[in-house]
file input34.cif (mmCIF, C-alpha atoms)
data_data
#
loop_
_atom_site.group_PDB
_atom_site.id
_atom_site.type_symbol
_atom_site.label_atom_id
_atom_site.label_comp_id
_atom_site.auth_asym_id
_atom_site.auth_seq_id
_atom_site.Cartn_x
_atom_site.Cartn_y
_atom_site.Cartn_z
ATOM 1 C CA MET W 1 16.273 110.105 -50.491
ATOM 2 C CA LEU W 2 19.721 110.336 -48.889
ATOM 3 C CA GLY W 3 19.506 106.719 -47.801
ATOM 4 C CA ARG W 4 18.665 105.594 -51.355
ATOM 5 C CA LEU W 5 21.591 107.569 -52.794
ATOM 6 C CA THR W 6 23.913 106.109 -50.178
ATOM 7 C CA ALA W 7 22.756 102.600 -50.995
ATOM 8 C CA GLN W 8 23.251 103.206 -54.721
ATOM 9 C CA ALA W 9 26.753 104.550 -54.115
ATOM 10 C CA ARG W 10 27.608 101.548 -51.959
ATOM 11 C CA GLU W 11 26.245 99.170 -54.602
ATOM 12 C CA GLY W 12 28.262 100.917 -57.310
ATOM 13 C CA ALA W 13 31.452 100.711 -55.258
ATOM 14 C CA GLN W 14 30.867 97.020 -54.579
ATOM 15 C CA LEU W 15 30.280 96.345 -58.287
ATOM 16 C CA HIS W 16 33.444 98.241 -59.200
ATOM 17 C CA HIS W 17 35.448 96.258 -56.646
ATOM 18 C CA ALA W 18 34.003 92.980 -57.926
ATOM 19 C CA ARG W 19 34.951 93.828 -61.509
ATOM 20 C CA VAL W 20 38.502 94.686 -60.442
ATOM 21 C CA GLU W 21 38.819 91.392 -58.583
ATOM 22 C CA LEU W 22 37.412 89.452 -61.551
ATOM 23 C CA ALA W 23 39.754 91.144 -64.010
ATOM 24 C CA GLU W 24 42.772 90.491 -61.794
ATOM 25 C CA ALA W 25 41.768 86.852 -61.254
ATOM 26 C CA LEU W 26 41.342 86.315 -64.993
ATOM 27 C CA GLN W 27 44.679 87.981 -65.646
ATOM 28 C CA ARG W 28 46.624 85.870 -63.186
ATOM 29 C CA GLU W 29 44.946 82.626 -64.263
ATOM 30 C CA MET W 30 45.847 83.269 -67.908
ATOM 31 C CA LEU W 31 49.524 83.921 -67.209
ATOM 32 C CA PRO W 32 51.784 80.848 -67.466
ATOM 33 C CA ALA W 33 52.501 78.913 -64.288
ATOM 34 C CA SER W 34 56.132 78.468 -65.379
ATOM 35 C CA LEU W 35 58.535 79.499 -68.130
ATOM 36 C CA PRO W 36 60.757 77.224 -70.224
ATOM 37 C CA VAL W 37 64.488 77.060 -69.514
ATOM 38 C CA LEU W 38 67.531 75.416 -71.061
ATOM 39 C CA PRO W 39 71.040 74.720 -69.832
ATOM 40 C CA GLY W 40 72.650 78.155 -69.944
ATOM 41 C CA LEU W 41 69.345 80.012 -70.363
ATOM 42 C CA ARG W 42 67.411 81.094 -67.268
ATOM 43 C CA THR W 43 64.104 82.927 -67.251
ATOM 44 C CA ALA W 44 61.884 84.802 -64.807
ATOM 45 C CA ALA W 45 58.898 87.134 -64.935
ATOM 46 C CA ARG W 46 56.855 89.507 -62.804
ATOM 47 C CA TYR W 47 53.360 90.935 -63.109
ATOM 48 C CA ALA W 48 51.797 93.691 -60.986
ATOM 49 C CA PRO W 49 48.312 95.227 -61.251
ATOM 50 C CA ALA W 50 47.858 98.975 -61.361
ATOM 51 C CA GLN W 51 47.978 100.703 -58.009
ATOM 52 C CA HIS W 52 44.683 102.504 -58.507
ATOM 53 C CA GLY W 53 41.408 102.112 -60.332
ATOM 54 C CA LEU W 54 40.445 99.544 -62.952
ATOM 55 C CA ASP W 55 43.627 99.691 -65.048
ATOM 56 C CA ILE W 56 44.176 95.954 -65.001
ATOM 57 C CA GLY W 57 43.854 93.017 -67.296
ATOM 58 C CA GLY W 58 45.773 93.950 -70.449
ATOM 59 C CA ASP W 59 49.424 92.978 -69.863
ATOM 60 C CA TRP W 60 50.840 89.506 -70.357
ATOM 61 C CA TYR W 61 54.032 87.507 -70.712
ATOM 62 C CA ASP W 62 54.483 83.988 -72.027
ATOM 63 C CA GLY W 63 57.091 81.363 -72.847
ATOM 64 C CA PHE W 64 56.629 78.009 -74.546
ATOM 65 C CA PRO W 65 58.566 75.297 -76.423
ATOM 66 C CA LEU W 66 58.432 75.097 -80.200
ATOM 67 C CA PRO W 67 59.003 72.206 -82.607
ATOM 68 C CA GLU W 68 62.616 71.122 -83.146
ATOM 69 C CA GLY W 69 63.724 72.339 -79.724
ATOM 70 C CA ALA W 70 63.345 76.105 -80.124
ATOM 71 C CA LEU W 71 61.719 78.325 -77.485
ATOM 72 C CA ALA W 72 59.350 81.273 -77.904
ATOM 73 C CA PHE W 73 58.820 84.189 -75.541
ATOM 74 C CA SER W 74 56.264 86.963 -75.804
ATOM 75 C CA ILE W 75 55.172 89.998 -73.850
ATOM 76 C CA GLY W 76 52.426 92.440 -74.651
ATOM 77 C CA ASP W 77 49.796 94.936 -73.652
ATOM 78 C CA VAL W 78 46.148 95.063 -74.692
ATOM 79 C CA GLN W 79 44.628 98.497 -75.245
ATOM 80 C CA GLY W 80 41.935 99.015 -72.655
ATOM 81 C CA HIS W 81 41.396 97.382 -69.301
ATOM 82 C CA ASP W 82 38.802 95.497 -67.273
ATOM 83 C CA VAL W 83 37.478 92.007 -68.002
ATOM 84 C CA ALA W 84 37.254 92.573 -71.763
ATOM 85 C CA ALA W 85 40.988 93.343 -71.978
ATOM 86 C CA ALA W 86 41.853 90.283 -69.894
ATOM 87 C CA ALA W 87 39.751 88.076 -72.171
ATOM 88 C CA PHE W 88 41.285 89.578 -75.329
ATOM 89 C CA MET W 89 44.745 89.079 -73.841
ATOM 90 C CA GLY W 90 43.960 85.380 -73.520
ATOM 91 C CA GLN W 91 42.912 85.250 -77.163
ATOM 92 C CA VAL W 92 46.157 86.920 -78.275
ATOM 93 C CA ARG W 93 48.303 84.509 -76.225
ATOM 94 C CA VAL W 94 46.524 81.439 -77.586
ATOM 95 C CA CYS W 95 46.684 82.793 -81.125
ATOM 96 C CA LEU W 96 50.448 83.397 -80.913
ATOM 97 C CA ARG W 97 51.037 79.917 -79.531
ATOM 98 C CA ALA W 98 48.948 78.273 -82.229
ATOM 99 C CA VAL W 99 50.575 80.130 -85.124
ATOM 100 C CA ALA W 100 54.116 79.781 -83.722
ATOM 101 C CA ALA W 101 53.651 76.006 -83.606
ATOM 102 C CA VAL W 102 53.466 75.874 -87.412
ATOM 103 C CA VAL W 103 55.343 79.024 -88.511
ATOM 104 C CA SER W 104 58.952 79.617 -87.478
ATOM 105 C CA ASP W 105 59.530 83.224 -88.560
ATOM 106 C CA PRO W 106 58.437 85.630 -85.754
ATOM 107 C CA GLY W 107 57.416 88.324 -88.223
ATOM 108 C CA GLU W 108 55.165 85.920 -90.074
ATOM 109 C CA VAL W 109 53.728 84.717 -86.764
ATOM 110 C CA LEU W 110 52.748 88.276 -85.860
ATOM 111 C CA GLY W 111 51.356 88.873 -89.340
ATOM 112 C CA ARG W 112 49.111 85.823 -89.245
ATOM 113 C CA ALA W 113 48.065 86.488 -85.653
ATOM 114 C CA ASN W 114 47.156 90.035 -86.680
ATOM 115 C CA ASP W 115 44.856 88.724 -89.404
ATOM 116 C CA VAL W 116 43.201 86.260 -87.021
ATOM 117 C CA LEU W 117 42.573 88.951 -84.420
ATOM 118 C CA LEU W 118 41.102 91.268 -87.042
ATOM 119 C CA SER W 119 38.688 88.499 -88.023
ATOM 120 C CA LEU W 120 37.319 88.516 -84.464
ATOM 121 C CA ASP W 121 35.919 91.997 -85.153
ATOM 122 C CA SER W 122 36.983 93.291 -81.753
ATOM 123 C CA GLU W 123 37.497 96.964 -80.975
ATOM 124 C CA LEU W 124 40.615 96.105 -78.962
ATOM 125 C CA PHE W 125 44.202 95.825 -80.166
ATOM 126 C CA ALA W 126 47.487 94.773 -78.594
ATOM 127 C CA THR W 127 51.160 95.688 -78.738
ATOM 128 C CA CYS W 128 53.563 92.776 -78.542
ATOM 129 C CA THR W 129 57.159 91.571 -78.790
ATOM 130 C CA LEU W 130 57.799 87.979 -79.888
ATOM 131 C CA LEU W 131 61.182 86.232 -79.607
ATOM 132 C CA ARG W 132 62.264 82.872 -80.996
ATOM 133 C CA PHE W 133 65.430 81.297 -79.581
ATOM 134 C CA ASP W 134 67.260 78.461 -81.330
ATOM 135 C CA PRO W 135 69.560 76.730 -78.811
ATOM 136 C CA TYR W 136 71.479 74.892 -81.549
ATOM 137 C CA THR W 137 72.707 78.048 -83.279
ATOM 138 C CA GLY W 138 72.403 80.534 -80.421
ATOM 139 C CA GLU W 139 70.301 82.754 -82.680
ATOM 140 C CA LEU W 140 67.582 84.971 -81.230
ATOM 141 C CA GLN W 141 64.978 86.223 -83.703
ATOM 142 C CA GLY W 142 62.593 88.969 -82.666
ATOM 143 C CA ALA W 143 59.689 90.968 -84.041
ATOM 144 C CA ARG W 144 57.754 93.886 -82.527
ATOM 145 C CA ALA W 145 54.148 94.955 -82.993
ATOM 146 C CA GLY W 146 54.192 98.539 -81.759
ATOM 147 C CA HIS W 147 55.611 97.485 -78.402
ATOM 148 C CA VAL W 148 58.034 99.037 -75.907
ATOM 149 C CA PRO W 149 61.672 98.258 -76.849
ATOM 150 C CA SER W 150 63.546 95.620 -74.896
ATOM 151 C CA VAL W 151 66.692 96.348 -72.867
ATOM 152 C CA TRP W 152 69.865 94.254 -72.931
ATOM 153 C CA ALA W 153 73.348 94.130 -71.478
ATOM 154 C CA THR W 154 76.293 91.734 -71.492
ATOM 155 C CA VAL W 155 78.771 90.955 -68.733
ATOM 156 C CA ASP W 156 81.594 92.613 -70.689
ATOM 157 C CA GLY W 157 79.887 96.006 -70.462
ATOM 158 C CA ARG W 158 77.989 96.247 -73.727
ATOM 159 C CA HIS W 159 74.375 97.356 -73.446
ATOM 160 C CA GLY W 160 71.522 98.951 -75.335
ATOM 161 C CA ILE W 161 67.833 99.638 -75.833
ATOM 162 C CA ALA W 162 66.679 97.541 -78.788
ATOM 163 C CA GLU W 163 64.427 99.863 -80.747
ATOM 164 C CA ASP W 164 64.174 97.398 -83.612
ATOM 165 C CA ALA W 165 61.989 97.976 -86.641
ATOM 166 C CA GLY W 166 58.664 96.227 -86.427
ATOM 167 C CA GLY W 167 55.078 96.889 -87.391
ATOM 168 C CA PRO W 168 51.794 98.238 -86.043
ATOM 169 C CA PRO W 169 49.945 96.813 -83.030
ATOM 170 C CA LEU W 170 48.044 93.573 -83.572
ATOM 171 C CA GLY W 171 44.418 93.949 -84.570
ATOM 172 C CA LEU W 172 44.644 97.308 -86.333
ATOM 173 C CA VAL W 173 45.966 97.092 -89.905
ATOM 174 C CA PRO W 174 44.942 94.305 -92.326
ATOM 175 C CA GLY W 175 47.879 92.614 -94.024
ATOM 176 C CA ALA W 176 50.481 94.333 -91.831
ATOM 177 C CA GLY W 177 54.089 93.157 -92.093
ATOM 178 C CA TYR W 178 56.583 92.812 -89.240
ATOM 179 C CA ALA W 179 60.343 93.099 -89.699
ATOM 180 C CA VAL W 180 62.542 90.542 -87.940
ATOM 181 C CA THR W 181 65.823 91.263 -86.157
ATOM 182 C CA ARG W 182 68.344 88.435 -85.727
ATOM 183 C CA ARG W 183 71.057 88.260 -83.070
ATOM 184 C CA ARG W 184 73.500 85.685 -81.735
ATOM 185 C CA LEU W 185 73.778 85.233 -77.978
ATOM 186 C CA THR W 186 77.511 84.625 -77.821
ATOM 187 C CA ALA W 187 78.290 86.629 -74.680
ATOM 188 C CA ALA W 188 76.753 86.123 -71.256
ATOM 189 C CA GLY W 189 74.159 88.719 -70.384
ATOM 190 C CA SER W 190 70.498 89.513 -69.893
ATOM 191 C CA ILE W 191 67.590 90.626 -72.054
ATOM 192 C CA VAL W 192 64.627 92.339 -70.416
ATOM 193 C CA LEU W 193 61.228 92.600 -72.066
ATOM 194 C CA LEU W 194 58.652 94.819 -70.397
ATOM 195 C CA THR W 195 55.389 96.694 -70.816
ATOM 196 C CA ASP W 196 54.889 100.443 -70.694
ATOM 197 C CA GLY W 197 53.416 100.249 -67.191
ATOM 198 C CA VAL W 198 56.957 99.604 -65.948
ATOM 199 C CA VAL W 199 58.618 102.625 -67.537
ATOM 200 C CA GLU W 200 55.928 105.233 -68.083
ATOM 201 C CA GLY W 201 53.650 107.127 -65.710
ATOM 202 C CA PRO W 202 51.439 110.231 -65.523
ATOM 203 C CA SER W 203 54.451 112.513 -64.969
ATOM 204 C CA PHE W 204 57.259 110.098 -65.886
ATOM 205 C CA PRO W 205 58.345 109.953 -69.566
ATOM 206 C CA ILE W 206 59.069 106.567 -71.092
ATOM 207 C CA GLU W 207 62.603 107.622 -72.072
ATOM 208 C CA ALA W 208 63.494 108.220 -68.421
ATOM 209 C CA GLY W 209 61.984 104.891 -67.439
ATOM 210 C CA LEU W 210 63.911 102.981 -70.101
ATOM 211 C CA GLU W 211 67.157 104.639 -69.053
ATOM 212 C CA ARG W 212 66.551 103.669 -65.445
ATOM 213 C CA VAL W 213 65.887 100.070 -66.461
ATOM 214 C CA SER W 214 68.999 100.116 -68.635
ATOM 215 C CA ARG W 215 71.160 101.067 -65.632
ATOM 216 C CA ILE W 216 69.680 98.220 -63.597
ATOM 217 C CA VAL W 217 70.257 95.686 -66.373
ATOM 218 C CA ARG W 218 73.854 96.839 -66.896
ATOM 219 C CA GLU W 219 74.628 96.304 -63.225
ATOM 220 C CA ALA W 220 73.022 92.845 -63.067
ATOM 221 C CA ALA W 221 73.763 91.483 -66.564
ATOM 222 C CA GLY W 222 74.003 87.702 -66.612
ATOM 223 C CA GLY W 223 72.868 87.388 -63.004
ATOM 224 C CA ASP W 224 69.860 85.746 -61.412
ATOM 225 C CA PRO W 225 66.839 86.545 -63.640
ATOM 226 C CA ASP W 226 64.382 86.454 -60.743
ATOM 227 C CA GLU W 227 66.316 89.086 -58.826
ATOM 228 C CA LEU W 228 66.693 91.207 -61.946
ATOM 229 C CA ALA W 229 62.959 91.002 -62.704
ATOM 230 C CA ALA W 230 62.173 92.130 -59.156
ATOM 231 C CA GLU W 231 64.551 95.106 -59.432
ATOM 232 C CA VAL W 232 63.156 96.176 -62.795
ATOM 233 C CA MET W 233 59.608 95.977 -61.470
ATOM 234 C CA LYS W 234 60.553 98.474 -58.750
ATOM 235 C CA VAL W 235 60.879 101.094 -61.493
ATOM 236 C CA ALA W 236 57.111 100.904 -61.908
ATOM 237 C CA ASP W 237 56.667 102.181 -58.370
ATOM 238 C CA SER W 238 58.620 105.342 -59.169
ATOM 239 C CA THR W 239 56.587 106.061 -62.320
ATOM 240 C CA GLY W 240 53.274 106.273 -60.476
ATOM 241 C CA HIS W 241 52.253 102.825 -61.734
ATOM 242 C CA ALA W 242 48.995 104.047 -63.337
ATOM 243 C CA ASP W 243 48.842 100.943 -65.541
ATOM 244 C CA ASP W 244 49.442 97.268 -64.895
ATOM 245 C CA ALA W 245 53.008 96.134 -65.535
ATOM 246 C CA ALA W 246 54.861 93.031 -66.704
ATOM 247 C CA VAL W 247 58.540 92.095 -66.928
ATOM 248 C CA LEU W 248 60.158 89.078 -68.631
ATOM 249 C CA VAL W 249 63.886 88.391 -68.169
ATOM 250 C CA LEU W 250 66.146 86.052 -70.153
ATOM 251 C CA SER W 251 69.620 85.558 -68.667
ATOM 252 C CA HIS W 252 72.045 83.642 -70.839
ATOM 253 C CA ASP W 253 75.525 82.261 -70.264
ATOM 254 C CA GLY W 254 76.903 82.875 -73.731
ATOM 255 C CA PRO W 255 76.474 80.150 -76.359
ATOM 256 C CA VAL W 256 73.807 77.833 -74.977
ATOM 257 C CA SER W 257 74.681 74.918 -77.232
ATOM 258 C CA PRO W 258 77.618 74.050 -79.485
ATOM 259 C CA GLY W 259 75.204 73.417 -82.338
ATOM 260 C CA GLY W 260 77.020 75.602 -84.830
ATOM 261 C CA ASP W 261 79.632 78.217 -85.543
ATOM 262 C CA PRO W 262 78.495 81.323 -83.620
ATOM 263 C CA GLY W 263 80.019 83.687 -86.122
ATOM 264 C CA PRO W 264 78.162 85.525 -88.889
ATOM 265 C CA GLY W 265 77.461 83.215 -91.802
ATOM 266 C CA GLY W 266 77.623 80.070 -89.659
ATOM 267 C CA PRO W 267 74.872 77.446 -89.508
ATOM 268 C CA GLY W 268 71.516 79.060 -88.868
ATOM 269 C CA SER W 269 72.747 82.526 -89.804
ATOM 270 C CA ARG W 270 70.841 84.366 -92.470
ATOM 271 C CA LEU W 271 73.365 87.133 -93.004
ATOM 272 C CA GLY W 272 73.967 88.031 -96.616
ATOM 273 C CA PRO W 273 77.314 88.855 -98.249
ATOM 274 C CA ASP W 274 76.850 92.538 -97.408
ATOM 275 C CA GLY W 275 76.411 91.782 -93.705
ATOM 276 C CA THR W 276 72.632 92.197 -93.664
ATOM 277 C CA ASP W 277 70.074 89.603 -92.702
ATOM 278 C CA ALA W 278 67.603 87.954 -95.049
ATOM 279 C CA ARG W 279 65.323 90.991 -94.887
ATOM 280 C CA GLY W 280 68.112 93.465 -95.609
ATOM 281 C CA ALA W 281 68.467 94.761 -92.051
ATOM 282 C CA PRO W 282 71.947 95.151 -90.550
ATOM 283 C CA PRO W 283 72.662 92.799 -87.645
ATOM 284 C CA ASP W 284 73.161 94.160 -84.152
ATOM 285 C CA LEU W 285 76.908 93.668 -83.919
ATOM 286 C CA SER W 286 76.970 94.351 -80.188
ATOM 287 C CA LEU W 287 75.422 90.929 -79.614
ATOM 288 C CA ILE W 288 76.988 89.026 -82.508
ATOM 289 C CA HIS W 289 80.230 87.158 -82.199
ATOM 290 C CA ASN W 290 82.863 88.305 -84.690
#

call {"tool": "encode", "arguments": {"input": "input34.cif", "output": "structure tokens"}}
result
Amino acid sequence: MLGRLTAQAREGAQLHHARVELAEALQREMLPASLPVLPGLRTAARYAPAQHGLDIGGDWYDGFPLPEGALAFSIGDVQGHDVAAAAFMGQVRVCLRAVAAVVSDPGEVLGRANDVLLSLDSELFATCTLLRFDPYTGELQGARAGHVPSVWATVDGRHGIAEDAGGPPLGLVPGAGYAVTRRRLTAAGSIVLLTDGVVEGPSFPIEAGLERVSRIVREAAGGDPDELAAEVMKVADSTGHADDAAVLVLSHDGPVSPGGDPGPGGPGSRLGPDGTDARGAPPDLSLIHN
């Protein structure tokens, strides 16, 4: 009897270990081998599995070129873990790429991707941030689907946590809309996108984690993105790292291309006469050239 129970326990432990290894392998294979860069725009990313248990397989980052020379970057987190979450993560990444290839507005991309994911009739959902960078105007458009805010800082000392308006996670609400925030990258600095596994833990509130990341980004703004990504990922160790974690860093050297007037109302700008963007939201003046 004892021998049979021991054998069953050993078999269960081996199965658990195999599932963890499979989920991690799927996760790493689905992440991009490289990220796009441009003169004046450098990128880097980090991914780390959870320190304990089966909490792996839901986080991702991505970067890919778009038509007419633009670049897209995304980061996100699938609810749930294990192999199913890793597989759903792959579906979300592919869906975002496919829609972004034919739709330029990040909010509309998230909206259409949301509808596609709902049609799959899955019980899973995902939070996400999607950015679209136009090197000719220096404009960065972003939309959030229930995701952790990004952190930014410029070399002249400006900084912030971008808690932009957005919409619900992908795969939850039919017909959901996603507000878009538009900024101009006219000062050298860094933008850090991350998942909640970096800044939140069992006894570590997300506000404290974001503040710690903000201090790191302020000190390294505009520097090497690979080094900054590594430093930000260290925050996950202090949170208890109960979830997997991903970090995506964009370091920019001010205007990437002289493709237009960087000021409000210049080519590519969608600011209205009252200083709001096309959707009525005020621009983030801390990143816009005046």

call {"tool": "atom_distance", "arguments": {"input": "input34.cif", "atom1": "CA of Leu250 (chain W)", "atom2": "CA of Ala176 (chain W)"}}
result
28.0 Å

call {"tool": "resolve_selection", "arguments": {"input": "input34.cif", "expression": "the PyMOL selection byres ((chain W and resi 113) around 8)", "output": "list in words"}}
result
Val92, Cys95, Leu96, Val99, Val109, Leu110, Gly111, Arg112, Asn114, Asp115, Val116, Leu117 and Leu170 of chain W

call {"tool": "atom_distance", "arguments": {"input": "input34.cif", "atom1": "CA of Tyr47 (chain W)", "atom2": "CA of Lys234 (chain W)"}}
result
11.3 Å

call {"tool": "resolve_selection", "arguments": {"input": "input34.cif", "expression": "the PyMOL selection byres ((chain W and resi 144) around 9)", "output": "list in words"}}
result
Pro106, Gly107, Leu110, Thr127, Cys128, Thr129, Leu130, Leu131, Gly142, Ala143, Ala145, Gly146, His147, Val148, Pro149, Asp164, Ala165, Gly166, Gly167, Pro168, Pro169, Tyr178, Ala179 and Val180 of chain W

call {"tool": "closest_residue", "arguments": {"input": "input34.cif", "among": "W:Leu120, W:Ala236, W:Val102, W:Val249", "to": "Phe73 (chain W)", "atoms": "all atoms listed in the file"}}
result
W:Val249

call {"tool": "closest_residue", "arguments": {"input": "input34.cif", "among": "W:Gly171, W:Gly80, W:Pro36, W:Gly58", "to": "Thr195 (chain W)", "atoms": "all atoms listed in the file"}}
result
W:Gly58

call {"tool": "resolve_selection", "arguments": {"input": "input34.cif", "expression": "the PyMOL selection byres ((chain W and resi 203) around 8)", "output": "list in words"}}
result
Gly201, Pro202, Phe204, Pro205, Thr239 and Gly240 of chain W
